[in-house]
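Reproduced below: target.pdb, with PDB, C-alpha atoms.
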ATOM      1  CA  MET A   1     -12.417  -6.738   4.642
ATOM      2  CA  THR A   2     -10.202  -4.838   7.056
ATOM      3  CA  LEU A   3      -6.690  -3.788   6.150
ATOM      4  CA  ARG A   4      -5.394  -6.054   8.906
ATOM      5  CA  ALA A   5      -7.267  -9.107   7.595
ATOM      6  CA  GLU A   6      -6.186  -8.368   4.038
ATOM      7  CA  LEU A   7      -2.501  -7.884   4.813
ATOM      8  CA  THR A   8      -1.859 -10.461   7.519
ATOM      9  CA  ALA A   9      -3.066 -13.197   5.177
ATOM     10  CA  LEU A  10      -0.040 -12.385   2.982
ATOM     11  CA  PRO A  11       3.681 -13.090   3.406
ATOM     12  CA  PRO A  12       5.569 -10.153   5.011
ATOM     13  CA  ARG A  13       7.249  -8.863   1.852
ATOM     14  CA  GLU A  14       3.934  -8.951  -0.012
ATOM     15  CA  GLN A  15       2.393  -6.951   2.847
ATOM     16  CA  ALA A  16       5.045  -4.289   2.278
ATOM     17  CA  ARG A  17       4.383  -4.315  -1.479
ATOM     18  CA  ARG A  18       0.703  -3.649  -0.787
ATOM     19  CA  LEU A  19       1.614  -0.907   1.694
ATOM     20  CA  THR A  20       3.701   0.744  -1.034
ATOM     21  CA  ALA A  21       0.512   1.888  -2.767
ATOM     22  CA  VAL A  22      -0.852   3.232   0.524
ATOM     23  CA  ALA A  23       2.419   5.040   1.246
ATOM     24  CA  ALA A  24       2.518   6.504  -2.284
ATOM     25  CA  SER A  25      -0.933   8.018  -1.801
ATOM     26  CA  LEU A  26       0.165   9.423   1.567
ATOM     27  CA  VAL A  27       3.268  10.993   0.032
ATOM     28  CA  ALA A  28       1.092  12.562  -2.680
ATOM     29  CA  GLN A  29      -1.245  13.947  -0.014
ATOM     30  CA  ILE A  30       1.647  15.369   2.027
ATOM     31  CA  ARG A  31       3.188  16.946  -1.097
ATOM     32  CA  ARG A  32      -0.012  18.919  -1.755
ATOM     33  CA  THR A  33       0.702  21.076   1.298
ATOM     34  CA  GLU A  34       4.411  20.422   1.805
ATOM     35  CA  PRO A  35       6.173  20.200  -1.567
ATOM     36  CA  HIS A  36       9.521  19.504   0.108
ATOM     37  CA  ALA A  37       8.980  16.275   2.065
ATOM     38  CA  PRO A  38      12.112  14.129   1.628
ATOM     39  CA  GLU A  39      11.361  12.167   4.817
ATOM     40  CA  ALA A  40       8.046  10.949   3.390
ATOM     41  CA  GLU A  41       9.700  10.007   0.110
ATOM     42  CA  ALA A  42      12.459   8.136   1.975
ATOM     43  CA  ALA A  43       9.821   6.224   3.946
ATOM     44  CA  LEU A  44       8.020   5.286   0.714
ATOM     45  CA  ALA A  45      11.303   4.189  -0.881
ATOM     46  CA  ALA A  46      12.155   1.993   2.111
ATOM     47  CA  ILE A  47       8.722   0.342   2.161
ATOM     48  CA  ARG A  48       8.998  -0.318  -1.582
ATOM     49  CA  ALA A  49      12.588  -1.580  -1.365
ATOM     50  CA  TRP A  50      11.947  -3.947   1.522
ATOM     51  CA  GLY A  51       8.826  -5.264  -0.188
ATOM     52  CA  ASP A  52      10.852  -5.849  -3.348
ATOM     53  CA  GLY A  53      13.318  -8.016  -1.458
ATOM     54  CA  GLU A  54      16.151  -5.620  -0.719
ATOM     55  CA  GLY A  55      18.151  -6.406   2.389
ATOM     56  CA  LEU A  56      17.146  -3.425   4.493
ATOM     57  CA  THR A  57      17.344  -4.069   8.212
ATOM     58  CA  GLY A  58      14.609  -3.270  10.664
ATOM     59  CA  ARG A  59      16.868  -0.616  12.157
ATOM     60  CA  SER A  60      17.505   1.070   8.804
ATOM     61  CA  VAL A  61      13.750   1.249   8.223
ATOM     62  CA  SER A  62      12.861   2.463  11.721
ATOM     63  CA  ASP A  63      15.655   5.059  11.531
ATOM     64  CA  LEU A  64      13.463   6.832   8.974
ATOM     65  CA  VAL A  65      11.084   7.547  11.854
ATOM     66  CA  TYR A  66      13.555   8.228  14.656
ATOM     67  CA  SER A  67      16.668   9.421  12.869
ATOM     68  CA  ASP A  68      19.819  10.389  14.725
ATOM     69  CA  ASP A  69      19.918  13.711  12.883
ATOM     70  CA  GLU A  70      16.336  14.571  13.904
ATOM     71  CA  ARG A  71      15.127  14.380  10.303
ATOM     72  CA  GLY A  72      12.684  11.496  10.579
ATOM     73  CA  THR A  73       8.959  11.304   9.939
ATOM     74  CA  LEU A  74       8.221  11.676  13.651
ATOM     75  CA  ARG A  75       9.863  15.114  13.715
ATOM     76  CA  ARG A  76       7.918  16.112  10.612
ATOM     77  CA  LEU A  77       4.722  14.849  12.268
ATOM     78  CA  SER A  78       5.347  17.041  15.313
ATOM     79  CA  GLU A  79       6.028  20.043  13.050
ATOM     80  CA  ALA A  80       2.775  19.370  11.160
ATOM     81  CA  ALA A  81       0.587  19.386  14.283
ATOM     82  CA  GLY A  82      -2.633  21.187  13.423
ATOM     83  CA  LYS A  83      -1.699  21.529   9.740
ATOM     84  CA  PRO A  84      -3.336  19.791   6.761
ATOM     85  CA  SER A  85      -0.422  17.347   6.393
ATOM     86  CA  GLU A  86      -0.565  16.077   9.992
ATOM     87  CA  GLY A  87      -2.754  13.060   9.165
ATOM     88  CA  GLY A  88      -0.514  12.045   6.273
ATOM     89  CA  TRP A  89       2.617  12.219   8.408
ATOM     90  CA  ASN A  90       0.887  10.227  11.122
ATOM     91  CA  ALA A  91      -0.183   7.481   8.716
ATOM     92  CA  ILE A  92       3.153   7.226   6.889
ATOM     93  CA  THR A  93       4.918   6.971  10.247
ATOM     94  CA  THR A  94       2.613   4.090  11.210
ATOM     95  CA  ALA A  95       3.188   2.341   7.865
ATOM     96  CA  VAL A  96       6.975   2.591   8.021
ATOM     97  CA  MET A  97       7.058   1.384  11.631
ATOM     98  CA  TYR A  98       4.959  -1.632  10.655
ATOM     99  CA  VAL A  99       7.411  -2.480   7.865
ATOM    100  CA  ALA A 100      10.314  -2.070  10.306
ATOM    101  CA  TRP A 101       8.525  -4.525  12.611
ATOM    102  CA  LEU A 102       8.110  -6.974   9.707
ATOM    103  CA  ALA A 103      11.826  -6.683   8.907
ATOM    104  CA  TYR A 104      12.784  -7.417  12.516
ATOM    105  CA  GLN A 105      10.344 -10.343  12.585
ATOM    106  CA  GLU A 106      11.927 -11.773   9.444
ATOM    107  CA  THR A 107      15.473 -11.729  10.800
ATOM    108  CA  GLY A 108      14.680 -12.470  14.430
ATOM    109  CA  ALA A 109      17.006  -9.638  15.453
ATOM    110  CA  PRO A 110      16.307  -8.114  18.873
ATOM    111  CA  MET A 111      13.873  -5.227  18.499
ATOM    112  CA  PRO A 112      14.343  -1.869  20.137
ATOM    113  CA  SER A 113      11.468  -0.876  22.408
ATOM    114  CA  ASP A 114       9.976   1.567  19.885
ATOM    115  CA  VAL A 115       9.542  -1.195  17.311
ATOM    116  CA  ASN A 116       8.653  -3.865  19.857
ATOM    117  CA  GLU A 117       5.448  -1.917  20.585
ATOM    118  CA  VAL A 118       4.364  -2.334  16.959
ATOM    119  CA  GLY A 119       2.383  -5.323  15.759
ATOM    120  CA  GLU A 120      -0.534  -6.358  13.594
ATOM    121  CA  ASP A 121      -2.803  -4.056  15.607
ATOM    122  CA  SER A 122      -0.836  -1.196  14.015
ATOM    123  CA  LEU A 123      -2.721  -2.033  10.825
ATOM    124  CA  ASP A 124      -5.977  -1.236  12.647
ATOM    125  CA  LEU A 125      -4.500   2.127  13.640
ATOM    126  CA  LEU A 126      -3.339   2.722  10.070
ATOM    127  CA  GLU A 127      -6.810   1.934   8.761
ATOM    128  CA  GLU A 128      -8.308   4.467  11.217
ATOM    129  CA  GLN A 129      -5.763   7.068  10.147
ATOM    130  CA  LEU A 130      -6.530   6.449   6.460
ATOM    131  CA  ALA A 131     -10.279   6.715   7.112
ATOM    132  CA  LYS A 132      -9.764  10.144   8.702
ATOM    133  CA  LEU A 133      -7.875  11.251   5.601
ATOM    134  CA  GLY A 134     -10.704  10.129   3.335
TER     135      GLY A 134
END

Can you give me the file's structure in the form of structure tokens?
Amino acid sequence: MTLRAELTALPPREQARRLTAVAASLVAQIRRTEPHAPEAEAALAAIRAWGDGEGLTGRSVSDLVYSDDERGTLRRLSEAAGKPSEGGWNAITTAVMYVAWLAYQETGAPMPSDVNEVGEDSLDLLEEQLAKLG
């Protein structure tokens, strides 16, 4: 069964709970080559918290990717280009953006363009990214 088929059959918060395990493994992989990775840990915490029912907004989750202070996972991904942690940063960025999309879907709040481009097909991308990581 594909990740997309497995997750989309579940309610949104349960999808995030399942993605918590994926994100935890990604954080562990990133930590092997980058011991100081607070952005990855913040992304994991947000995925876990939203899945557990906390009232995080879609914006607060997506801000972990595109933060105003340039400390998001996207910046770390660009810094990791060509390094062993690049795939992990790429996958955790995809996972957190998918959870941000779920949060926006739940509230019906208008989505910014970066999140509006996300959807269930992002799970296919995530599955490809995970396969490359082994």

Would you kindly return, as a PyMOL selection string, each protein, DNA or RNA residue with an atom no farther than 7 Å from any atom of A:Arg48, considering only C-alpha atoms and excluding same-chain residues fewer than 3 positions away?
chain A and resi 16-17+20+44-45+51-52

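Residue membership of the PyMOL selection byres ((chain A and resi 46) around 9) in the shown file amounts to Glu41, Ala42, Ala43, Leu44, Ala45, Ile47, Arg48, Ala49, Trp50, Gly51, Leu56, Ser60, Val61, Leu64, Val96 and Val99 of chain A.
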
If you measure from atom CA of A:Tyr66 to atom CA of A:Met97, what distance in Å do you get, rounded to one decimal?
9.9 Å

With all atoms listed in the file as the atoms that count, which of A:Ala100, A:Ala80, A:Leu19, A:Leu133 lies nearest to A:Arg4?
A:Leu19

Might you pull out every residue within 7 Å of A:Gly58, with only C-alpha atoms counted and same-chain residues fewer than 5 positions away left off, and present them as a PyMOL selection string?
chain A and resi 100-101+103-104

What's around A:Leu3 at 8 Å? Count all atoms listed in the file, leave out sequence neighbours fewer than 2 positions away in its own chain, and write the answer as a list in words.
Met1, Ala5, Glu6, Leu7, Leu123, Asp124 and Glu127 of chain A

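Among the candidates A:Gly55, A:Gly134, A:Pro12, A:Pro112, the one nearest to A:Gly88 when counting all atoms listed in the file is A:Gly134.
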
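Nearest to A:Leu102 of all the residues A:Asn116, A:Thr73, A:Ser25, A:Thr2 is A:Asn116, based on all atoms listed in the file.
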
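Relative to atom CA of A:Ala131, atom CA of A:Glu106 is found at 29.0 Å.
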
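Atom CA of A:Ser62 lies 21.3 Å from atom CA of A:Glu128.
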
Looking at all atoms listed in the file, which of A:Val65, A:Ile30, A:Ala9, A:Ala21 is the one that sits closest to A:Val115?
A:Val65

Specify the axis-aligned box that encloses all atoms of stretch 123-128 of chain A listed in the file after padding of 5 Å on each side, stating its centre and edge lengths in Å to one decimal as lines of an AutoDock Vina configuration file.
center_x = -5.5
center_y = 1.2
center_z = 11.2
size_x = 15.6
size_y = 16.5
size_z = 14.9

In terms of the shortest atom-to-atom distance over only C-alpha atoms, which of A:Glu86, A:Arg76, A:Leu125, A:Glu117 is closest to A:Ala37?
A:Arg76

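For the set A:Leu10, A:Leu77, A:Ala91, A:Val22, the residue with the smallest atom-to-atom gap to A:Glu34 is A:Leu77, counting only C-alpha atoms.
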